[in-house]
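**Student:** Hey, dropping target_16.txt in here, compact mmCIF, N, CA, C and O atoms:
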```txt
# COMPACT_ATOMS: atom_id res chain seq x y z
N MET M 275 -4.76 -7.47 3.75
CA MET M 275 -5.99 -7.02 3.13
C MET M 275 -5.91 -7.36 1.65
O MET M 275 -4.96 -6.97 0.98
N LEU M 276 -6.89 -8.08 1.17
CA LEU M 276 -6.87 -8.61 -0.19
C LEU M 276 -8.01 -8.03 -1.00
O LEU M 276 -9.17 -8.03 -0.57
N ILE M 277 -7.67 -7.53 -2.19
CA ILE M 277 -8.68 -7.09 -3.16
C ILE M 277 -8.59 -8.05 -4.34
O ILE M 277 -7.59 -8.05 -5.07
N ARG M 278 -9.61 -8.87 -4.51
CA ARG M 278 -9.69 -9.80 -5.64
C ARG M 278 -10.47 -9.11 -6.76
O ARG M 278 -11.69 -9.02 -6.69
N PHE M 279 -9.74 -8.66 -7.76
CA PHE M 279 -10.41 -7.93 -8.84
C PHE M 279 -11.34 -8.81 -9.65
O PHE M 279 -12.27 -8.30 -10.29
N LYS M 280 -11.17 -10.13 -9.63
CA LYS M 280 -12.10 -11.03 -10.30
C LYS M 280 -13.52 -10.83 -9.76
O LYS M 280 -14.49 -10.93 -10.50
N GLU M 281 -13.64 -10.52 -8.48
CA GLU M 281 -14.94 -10.32 -7.85
C GLU M 281 -15.57 -8.98 -8.23
O GLU M 281 -16.72 -8.71 -7.89
N HIS M 282 -14.79 -8.14 -8.93
CA HIS M 282 -15.27 -6.80 -9.29
C HIS M 282 -15.07 -6.54 -10.79
O HIS M 282 -14.89 -5.41 -11.21
N GLU M 283 -15.11 -7.60 -11.59
CA GLU M 283 -14.81 -7.50 -13.02
C GLU M 283 -15.68 -6.48 -13.75
O GLU M 283 -15.22 -5.84 -14.68
N GLU M 284 -16.92 -6.31 -13.30
CA GLU M 284 -17.82 -5.37 -13.98
C GLU M 284 -17.31 -3.93 -13.89
O GLU M 284 -17.69 -3.07 -14.68
N LEU M 285 -16.43 -3.65 -12.94
CA LEU M 285 -15.90 -2.30 -12.76
C LEU M 285 -14.64 -2.03 -13.56
O LEU M 285 -14.26 -0.87 -13.74
N LEU M 286 -13.99 -3.05 -14.07
CA LEU M 286 -12.65 -2.92 -14.62
C LEU M 286 -12.58 -2.33 -16.03
O LEU M 286 -11.49 -2.20 -16.57
N CYS M 287 -13.71 -1.95 -16.59
CA CYS M 287 -13.70 -1.51 -17.99
C CYS M 287 -14.03 -0.03 -18.17
O CYS M 287 -14.14 0.44 -19.29
N SER M 288 -14.14 0.74 -17.08
CA SER M 288 -14.51 2.15 -17.26
C SER M 288 -13.94 3.04 -16.16
O SER M 288 -13.58 2.58 -15.08
N ARG M 289 -13.89 4.32 -16.47
CA ARG M 289 -13.47 5.32 -15.49
C ARG M 289 -14.43 5.33 -14.30
O ARG M 289 -14.03 5.43 -13.15
N GLU M 290 -15.72 5.25 -14.59
CA GLU M 290 -16.72 5.22 -13.52
C GLU M 290 -16.51 4.01 -12.60
O GLU M 290 -16.62 4.12 -11.39
N GLY M 291 -16.16 2.87 -13.19
CA GLY M 291 -15.85 1.69 -12.39
C GLY M 291 -14.65 1.92 -11.49
O GLY M 291 -14.63 1.49 -10.34
N GLY M 292 -13.64 2.62 -12.01
CA GLY M 292 -12.46 2.95 -11.21
C GLY M 292 -12.81 3.83 -10.04
O GLY M 292 -12.31 3.66 -8.93
N LYS M 293 -13.72 4.79 -10.28
CA LYS M 293 -14.14 5.68 -9.20
C LYS M 293 -14.92 4.91 -8.13
O LYS M 293 -14.70 5.09 -6.94
N ILE M 294 -15.82 4.04 -8.58
CA ILE M 294 -16.59 3.24 -7.63
C ILE M 294 -15.66 2.35 -6.80
O ILE M 294 -15.79 2.28 -5.57
N ALA M 295 -14.71 1.70 -7.46
CA ALA M 295 -13.77 0.83 -6.74
C ALA M 295 -12.91 1.63 -5.77
O ALA M 295 -12.70 1.22 -4.63
N LYS M 296 -12.41 2.78 -6.21
CA LYS M 296 -11.57 3.61 -5.34
C LYS M 296 -12.35 4.05 -4.11
O LYS M 296 -11.84 3.98 -2.99
N ASP M 297 -13.58 4.46 -4.30
CA ASP M 297 -14.41 4.87 -3.16
C ASP M 297 -14.71 3.69 -2.23
O ASP M 297 -14.68 3.83 -1.02
N ALA M 298 -14.97 2.52 -2.82
CA ALA M 298 -15.31 1.34 -2.02
C ALA M 298 -14.13 0.86 -1.18
O ALA M 298 -14.32 0.39 -0.06
N PHE M 299 -12.91 1.00 -1.72
CA PHE M 299 -11.74 0.48 -1.03
C PHE M 299 -10.95 1.55 -0.30
O PHE M 299 -9.91 1.27 0.29
N ARG M 300 -11.44 2.77 -0.29
CA ARG M 300 -10.71 3.87 0.34
C ARG M 300 -10.37 3.58 1.80
O ARG M 300 -9.26 3.87 2.26
N ILE M 301 -11.27 2.98 2.54
CA ILE M 301 -11.02 2.68 3.95
C ILE M 301 -9.84 1.72 4.10
O ILE M 301 -9.06 1.82 5.05
N MET M 302 -9.68 0.80 3.13
CA MET M 302 -8.53 -0.11 3.17
C MET M 302 -7.23 0.67 3.02
O MET M 302 -6.25 0.40 3.71
N PHE M 303 -7.22 1.65 2.13
CA PHE M 303 -6.02 2.46 1.93
C PHE M 303 -5.70 3.27 3.19
O PHE M 303 -4.55 3.43 3.55
N GLU M 304 -6.72 3.75 3.85
CA GLU M 304 -6.52 4.53 5.06
C GLU M 304 -5.97 3.68 6.21
O GLU M 304 -5.24 4.17 7.06
N ASN M 305 -6.30 2.39 6.21
CA ASN M 305 -5.88 1.50 7.29
C ASN M 305 -4.64 0.68 6.97
O ASN M 305 -4.10 0.00 7.85
N ALA M 306 -4.18 0.71 5.74
CA ALA M 306 -3.02 -0.09 5.34
C ALA M 306 -1.73 0.47 5.92
O ALA M 306 -1.59 1.68 6.11
N THR M 307 -0.81 -0.43 6.20
CA THR M 307 0.52 -0.07 6.68
C THR M 307 1.53 -0.97 5.97
O THR M 307 1.14 -1.98 5.36
N PRO M 308 2.81 -0.66 6.05
CA PRO M 308 3.80 -1.57 5.47
C PRO M 308 3.74 -2.98 6.06
O PRO M 308 4.11 -3.95 5.39
N GLN M 309 3.26 -3.12 7.27
CA GLN M 309 3.12 -4.43 7.90
C GLN M 309 1.79 -5.10 7.56
O GLN M 309 1.63 -6.31 7.73
N ASN M 310 0.82 -4.32 7.13
CA ASN M 310 -0.51 -4.81 6.78
C ASN M 310 -0.89 -4.25 5.41
O ASN M 310 -1.70 -3.34 5.31
N LYS M 311 -0.26 -4.80 4.37
CA LYS M 311 -0.39 -4.27 3.02
C LYS M 311 -1.70 -4.68 2.36
O LYS M 311 -2.30 -5.71 2.70
N ILE M 312 -2.09 -3.89 1.38
CA ILE M 312 -3.17 -4.24 0.48
C ILE M 312 -2.56 -5.09 -0.63
O ILE M 312 -1.57 -4.70 -1.24
N VAL M 313 -3.17 -6.23 -0.90
CA VAL M 313 -2.74 -7.10 -1.99
C VAL M 313 -3.77 -6.99 -3.11
O VAL M 313 -4.94 -7.31 -2.91
N PHE M 314 -3.32 -6.52 -4.27
CA PHE M 314 -4.17 -6.45 -5.45
C PHE M 314 -4.01 -7.77 -6.21
O PHE M 314 -2.97 -8.02 -6.80
N ASP M 315 -5.03 -8.60 -6.19
CA ASP M 315 -4.97 -9.92 -6.83
C ASP M 315 -5.75 -9.89 -8.14
O ASP M 315 -6.95 -9.64 -8.16
N PHE M 316 -5.04 -10.17 -9.24
CA PHE M 316 -5.65 -10.16 -10.57
C PHE M 316 -5.83 -11.57 -11.12
O PHE M 316 -5.91 -11.75 -12.33
N ASP M 317 -5.91 -12.57 -10.25
CA ASP M 317 -6.13 -13.94 -10.69
C ASP M 317 -7.40 -14.01 -11.54
O ASP M 317 -8.45 -13.47 -11.15
N GLU M 318 -7.30 -14.65 -12.70
CA GLU M 318 -8.41 -14.84 -13.63
C GLU M 318 -8.89 -13.55 -14.28
O GLU M 318 -9.97 -13.51 -14.88
N VAL M 319 -8.15 -12.47 -14.17
CA VAL M 319 -8.48 -11.22 -14.85
C VAL M 319 -7.51 -11.06 -16.01
O VAL M 319 -6.29 -11.09 -15.81
N ASN M 320 -8.02 -10.91 -17.22
CA ASN M 320 -7.17 -10.82 -18.40
C ASN M 320 -6.89 -9.40 -18.85
O ASN M 320 -5.88 -9.15 -19.50
N THR M 321 -7.78 -8.47 -18.52
CA THR M 321 -7.61 -7.11 -19.02
C THR M 321 -8.31 -6.11 -18.11
O THR M 321 -9.24 -6.46 -17.39
N ILE M 322 -7.82 -4.89 -18.14
CA ILE M 322 -8.49 -3.75 -17.51
C ILE M 322 -8.35 -2.58 -18.48
O ILE M 322 -7.45 -2.56 -19.32
N SER M 323 -9.23 -1.62 -18.36
CA SER M 323 -9.13 -0.46 -19.25
C SER M 323 -8.15 0.55 -18.68
O SER M 323 -7.93 0.63 -17.46
N SER M 324 -7.56 1.33 -19.56
CA SER M 324 -6.64 2.37 -19.10
C SER M 324 -7.39 3.43 -18.31
O SER M 324 -6.83 4.02 -17.38
N SER M 325 -8.67 3.66 -18.62
CA SER M 325 -9.44 4.65 -17.86
C SER M 325 -9.70 4.15 -16.43
O SER M 325 -9.63 4.93 -15.48
N PHE M 326 -9.97 2.86 -16.25
CA PHE M 326 -10.10 2.30 -14.91
C PHE M 326 -8.78 2.45 -14.15
O PHE M 326 -8.75 2.91 -13.01
N ALA M 327 -7.68 2.07 -14.80
CA ALA M 327 -6.37 2.13 -14.15
C ALA M 327 -6.01 3.55 -13.75
O ALA M 327 -5.47 3.78 -12.66
N ASP M 328 -6.31 4.50 -14.60
CA ASP M 328 -6.01 5.90 -14.27
C ASP M 328 -6.84 6.36 -13.08
O ASP M 328 -6.31 6.95 -12.14
N GLU M 329 -8.12 6.08 -13.12
CA GLU M 329 -9.01 6.52 -12.04
C GLU M 329 -8.67 5.85 -10.72
O GLU M 329 -8.66 6.50 -9.67
N PHE M 330 -8.38 4.56 -10.74
CA PHE M 330 -8.11 3.83 -9.50
C PHE M 330 -6.66 3.97 -9.07
O PHE M 330 -6.38 4.51 -7.99
N PHE M 331 -5.73 3.54 -9.87
CA PHE M 331 -4.32 3.53 -9.48
C PHE M 331 -3.66 4.89 -9.65
O PHE M 331 -2.98 5.37 -8.74
N GLY M 332 -3.85 5.51 -10.81
CA GLY M 332 -3.20 6.79 -11.06
C GLY M 332 -3.60 7.86 -10.06
O GLY M 332 -2.75 8.55 -9.49
N LYS M 333 -4.89 7.99 -9.82
CA LYS M 333 -5.36 9.01 -8.89
C LYS M 333 -5.04 8.65 -7.44
O LYS M 333 -4.77 9.54 -6.63
N MET M 334 -5.04 7.37 -7.10
CA MET M 334 -4.69 6.99 -5.74
C MET M 334 -3.23 7.35 -5.45
O MET M 334 -2.92 7.88 -4.38
N VAL M 335 -2.35 7.09 -6.41
CA VAL M 335 -0.94 7.47 -6.24
C VAL M 335 -0.82 8.99 -6.14
O VAL M 335 -0.06 9.51 -5.33
N ALA M 336 -1.58 9.71 -6.95
CA ALA M 336 -1.55 11.18 -6.89
C ALA M 336 -1.99 11.69 -5.53
O ALA M 336 -1.44 12.67 -5.02
N GLU M 337 -2.95 11.03 -4.92
CA GLU M 337 -3.46 11.46 -3.61
C GLU M 337 -2.47 11.18 -2.48
O GLU M 337 -2.30 11.99 -1.59
N MET M 338 -1.83 10.01 -2.51
CA MET M 338 -1.01 9.62 -1.37
C MET M 338 0.49 9.68 -1.62
O MET M 338 1.26 9.59 -0.69
N GLY M 339 0.88 9.82 -2.87
CA GLY M 339 2.30 9.81 -3.20
C GLY M 339 2.76 8.39 -3.52
O GLY M 339 2.27 7.42 -2.95
N PHE M 340 3.71 8.30 -4.45
CA PHE M 340 4.15 6.99 -4.92
C PHE M 340 4.84 6.19 -3.82
O PHE M 340 4.63 4.99 -3.69
N ARG M 341 5.67 6.84 -3.03
CA ARG M 341 6.40 6.09 -1.99
C ARG M 341 5.46 5.44 -0.99
O ARG M 341 5.65 4.28 -0.62
N LYS M 342 4.46 6.18 -0.55
CA LYS M 342 3.50 5.58 0.39
C LYS M 342 2.72 4.47 -0.30
O LYS M 342 2.54 3.38 0.27
N PHE M 343 2.24 4.72 -1.52
CA PHE M 343 1.50 3.70 -2.26
C PHE M 343 2.32 2.42 -2.36
O PHE M 343 1.83 1.33 -2.08
N LYS M 344 3.57 2.57 -2.75
CA LYS M 344 4.45 1.41 -2.91
C LYS M 344 4.69 0.69 -1.58
O LYS M 344 4.79 -0.53 -1.54
N SER M 345 4.75 1.44 -0.50
CA SER M 345 5.04 0.82 0.80
C SER M 345 3.85 0.06 1.39
O SER M 345 4.04 -0.81 2.23
N ILE M 346 2.62 0.38 0.95
CA ILE M 346 1.44 -0.26 1.55
C ILE M 346 0.69 -1.18 0.59
O ILE M 346 -0.38 -1.67 0.93
N THR M 347 1.22 -1.39 -0.62
CA THR M 347 0.53 -2.24 -1.58
C THR M 347 1.48 -3.25 -2.20
O THR M 347 2.69 -3.07 -2.22
N THR M 348 0.90 -4.31 -2.71
CA THR M 348 1.64 -5.29 -3.51
C THR M 348 0.66 -5.91 -4.51
O THR M 348 -0.55 -5.83 -4.33
N PHE M 349 1.21 -6.47 -5.57
CA PHE M 349 0.41 -7.03 -6.65
C PHE M 349 0.65 -8.53 -6.76
O PHE M 349 1.75 -9.01 -6.51
N LYS M 350 -0.39 -9.24 -7.18
CA LYS M 350 -0.33 -10.69 -7.30
C LYS M 350 -1.09 -11.11 -8.54
O LYS M 350 -2.14 -10.54 -8.86
N ASN M 351 -0.55 -12.10 -9.27
CA ASN M 351 -1.22 -12.67 -10.45
C ASN M 351 -1.52 -11.62 -11.53
O ASN M 351 -2.59 -11.62 -12.13
N VAL M 352 -0.55 -10.76 -11.79
CA VAL M 352 -0.73 -9.70 -12.78
C VAL M 352 -0.07 -10.12 -14.09
O VAL M 352 1.13 -10.40 -14.11
N ASN M 353 -0.84 -10.16 -15.16
CA ASN M 353 -0.25 -10.50 -16.45
C ASN M 353 0.47 -9.27 -17.03
O ASN M 353 0.27 -8.14 -16.55
N PRO M 354 1.32 -9.45 -18.03
CA PRO M 354 2.10 -8.33 -18.57
C PRO M 354 1.23 -7.17 -19.11
O PRO M 354 1.59 -6.01 -18.95
N PHE M 355 0.10 -7.48 -19.73
CA PHE M 355 -0.76 -6.42 -20.25
C PHE M 355 -1.29 -5.53 -19.12
O PHE M 355 -1.18 -4.31 -19.17
N ILE M 356 -1.85 -6.15 -18.09
CA ILE M 356 -2.39 -5.39 -16.96
C ILE M 356 -1.28 -4.61 -16.27
O ILE M 356 -1.46 -3.45 -15.91
N SER M 357 -0.15 -5.23 -16.09
CA SER M 357 0.99 -4.54 -15.48
C SER M 357 1.35 -3.28 -16.24
O SER M 357 1.55 -2.22 -15.65
N ASN M 358 1.44 -3.38 -17.56
CA ASN M 358 1.77 -2.20 -18.38
C ASN M 358 0.70 -1.12 -18.30
O ASN M 358 1.02 0.07 -18.22
N VAL M 359 -0.57 -1.51 -18.32
CA VAL M 359 -1.66 -0.52 -18.22
C VAL M 359 -1.56 0.22 -16.89
O VAL M 359 -1.67 1.45 -16.83
N ILE M 360 -1.34 -0.50 -15.80
CA ILE M 360 -1.25 0.12 -14.47
C ILE M 360 -0.03 1.03 -14.38
O ILE M 360 -0.13 2.18 -13.95
N MET M 361 1.13 0.52 -14.81
CA MET M 361 2.35 1.34 -14.73
C MET M 361 2.23 2.60 -15.58
O MET M 361 2.63 3.69 -15.13
N ASN M 362 1.68 2.49 -16.77
CA ASN M 362 1.51 3.67 -17.62
C ASN M 362 0.55 4.67 -16.99
O ASN M 362 0.79 5.88 -17.05
N SER M 363 -0.53 4.19 -16.41
CA SER M 363 -1.50 5.09 -15.78
C SER M 363 -0.88 5.82 -14.59
O SER M 363 -1.08 7.03 -14.44
N ILE M 364 -0.15 5.10 -13.78
CA ILE M 364 0.50 5.73 -12.63
C ILE M 364 1.51 6.76 -13.10
O ILE M 364 1.55 7.88 -12.61
N TYR M 365 2.33 6.38 -14.07
CA TYR M 365 3.37 7.30 -14.55
C TYR M 365 2.77 8.56 -15.17
O TYR M 365 3.14 9.68 -14.81
N HIS M 366 1.83 8.40 -16.10
CA HIS M 366 1.29 9.56 -16.80
C HIS M 366 0.50 10.49 -15.88
O HIS M 366 0.53 11.70 -16.05
N ARG M 367 -0.18 9.95 -14.91
CA ARG M 367 -0.94 10.78 -13.96
C ARG M 367 0.01 11.52 -13.01
O ARG M 367 -0.32 12.58 -12.50
N ASN M 368 1.21 10.95 -12.77
CA ASN M 368 2.10 11.46 -11.74
C ASN M 368 3.48 11.84 -12.26
O ASN M 368 4.44 11.87 -11.50
N VAL M 369 3.60 12.15 -13.52
CA VAL M 369 4.90 12.39 -14.14
C VAL M 369 5.67 13.51 -13.44
O VAL M 369 6.89 13.43 -13.27
N LYS M 370 4.98 14.53 -12.96
CA LYS M 370 5.67 15.63 -12.27
C LYS M 370 6.28 15.15 -10.96
O LYS M 370 7.38 15.56 -10.59
N GLU M 371 5.59 14.27 -10.23
CA GLU M 371 6.14 13.74 -8.98
C GLU M 371 7.39 12.92 -9.26
O GLU M 371 8.37 13.02 -8.55
N PHE M 372 7.36 12.12 -10.30
CA PHE M 372 8.52 11.28 -10.62
C PHE M 372 9.71 12.11 -11.06
O PHE M 372 10.84 11.72 -10.85
N ALA M 373 9.46 13.26 -11.62
CA ALA M 373 10.57 14.13 -12.06
C ALA M 373 11.34 14.70 -10.87
O ALA M 373 12.50 15.05 -11.00
N THR M 374 10.69 14.77 -9.70
CA THR M 374 11.34 15.34 -8.52
C THR M 374 11.95 14.28 -7.60
O THR M 374 12.56 14.61 -6.61
N VAL M 375 11.72 13.01 -7.91
CA VAL M 375 12.23 11.93 -7.05
C VAL M 375 13.68 11.67 -7.34
O VAL M 375 14.20 11.76 -8.36
```
Will you turn the file into structure tokens for me?
**Tutor:**
Amino acid sequence: MLIRFKEHEELLCSREGGKIAKDAFRIMFENATPQNKIVFDFDEVNTISSSFADEFFGKMVAEMGFRKFKSITTFKNVNPFISNVIMNSIYHRNVKEFATV
């Protein structure tokens, strides 16, 4: 299952965009397995907002737990800036979970 964020660029700059994307792709998360992962493809995407990352990635990890999220997702074509924004959003939203791991 592939999510090409280039096709959804208008959503990548706001918290509301993160909510819309999370709701639109929720069924993919429900159907994903370690054998049928979701691939987040950031080809041709240069930036995302921290509010989008928090709403989409941070809250999704909070809902399902980091281990499950990690087991059913993978990233492709992620530049260092986007990677840092996503990692920071996941960490800050879920810092208590990481303290118990």
**Student:** Output, as AutoDock Vina command-line options, the centre and edge lengths in Å (one decimal) of the axis-aligned box that contains all listed atoms of segment 339-354 of chain M with 4 Å of margin on each side.
**Tutor:**
```
--center_x 1.9 --center_y -1.4 --center_z -8.4 --size_x 17.0 --size_y 30.5 --size_z 29.3
```
**Student:** Pick out the residues sitting within 6 Å of segment 355-371 of chain M, and hand them over as a list of chain:residue names; count only N, CA, C and O atoms, and ignore anything fewer than 4 positions along from it in its own chain.
**Tutor:**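 Neighbouring residues, sequence-local ones excluded: M:Asn320, M:Thr321, M:Ile322, M:Ser324, M:Ala327, M:Asp328, M:Phe331, M:Gly332, M:Ala336, M:Val375.
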**Student:** How many Å lie between atom CA of Leu286 of chain M and atom CA of Gly339 of chain M, rounded to one decimal?
**Tutor:**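 Going from atom CA of Leu286 of chain M over to atom CA of Gly339 of chain M covers 22.7 Å.
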**Student:** From the set M:Leu285, M:Ser325, M:Ile312, M:Lys296, which residue has the shortest atom-to-atom contact distance to Lys344 of chain M, counting all atoms listed in the file?
**Tutor:**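 Using all atoms listed in the file, Lys344 of chain M sits closest to M:Ile312.
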**Student:** Go through M:Ser323, M:Gly291, M:Pro308, M:Glu329 and flag the residue nearest Phe343 of chain M, using only C-alpha atoms for the distances.
**Tutor:** M:Pro308
**Student:** Using only N, CA, C and O atoms, find all polymer residues with an atom at most 6 Å away from the point (2.1, -5.2, -1.7); report them as a list of chain:residue names.
**Tutor:**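 I get M:Lys311, M:Ile312, M:Val313, M:Lys344, M:Ile346, M:Thr347, M:Thr348, M:Phe349 for the residues within 6 Å of that point.
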**Student:** Which of these residues is nearest to Thr307 of chain M, using all atoms listed in the file: M:Arg278, M:Lys333, M:Lys293, M:Lys342?
**Tutor:**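 Closest candidate: M:Lys342.
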**Student:** Mind the document's chain letters and residue numbers, and return as a list of chain:residue names the residues of segment 338-368 of chain M that DSSP labels helix (DSSP H, G or I).
**Tutor:**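 Going through segment 338-368 of chain M, the helix (DSSP H, G or I) residues come out as M:Met338, M:Phe340, M:Arg341, M:Lys342, M:Phe343, M:Lys344, M:Ser345, M:Ile346, M:Pro354, M:Phe355, M:Ile356, M:Ser357, M:Asn358, M:Val359, M:Ile360, M:Met361, M:Asn362, M:Ser363, M:Ile364, M:Tyr365, M:His366, M:Arg367.
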**Student:** For Glu290 of chain M, which residue among M:Phe326, M:Glu337, M:Val352, M:Glu304 is the nearest when counting all atoms listed in the file?
**Tutor:** M:Phe326
**Student:** Name the closest residue to Ile294 of chain M among the candidates M:Val319, M:Phe340, M:Phe330, M:Phe314; distances are taken between atoms, counting only C-alpha atoms.
**Tutor:**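 Once distances to Ile294 of chain M are computed over only C-alpha atoms, the minimum belongs to M:Phe330.
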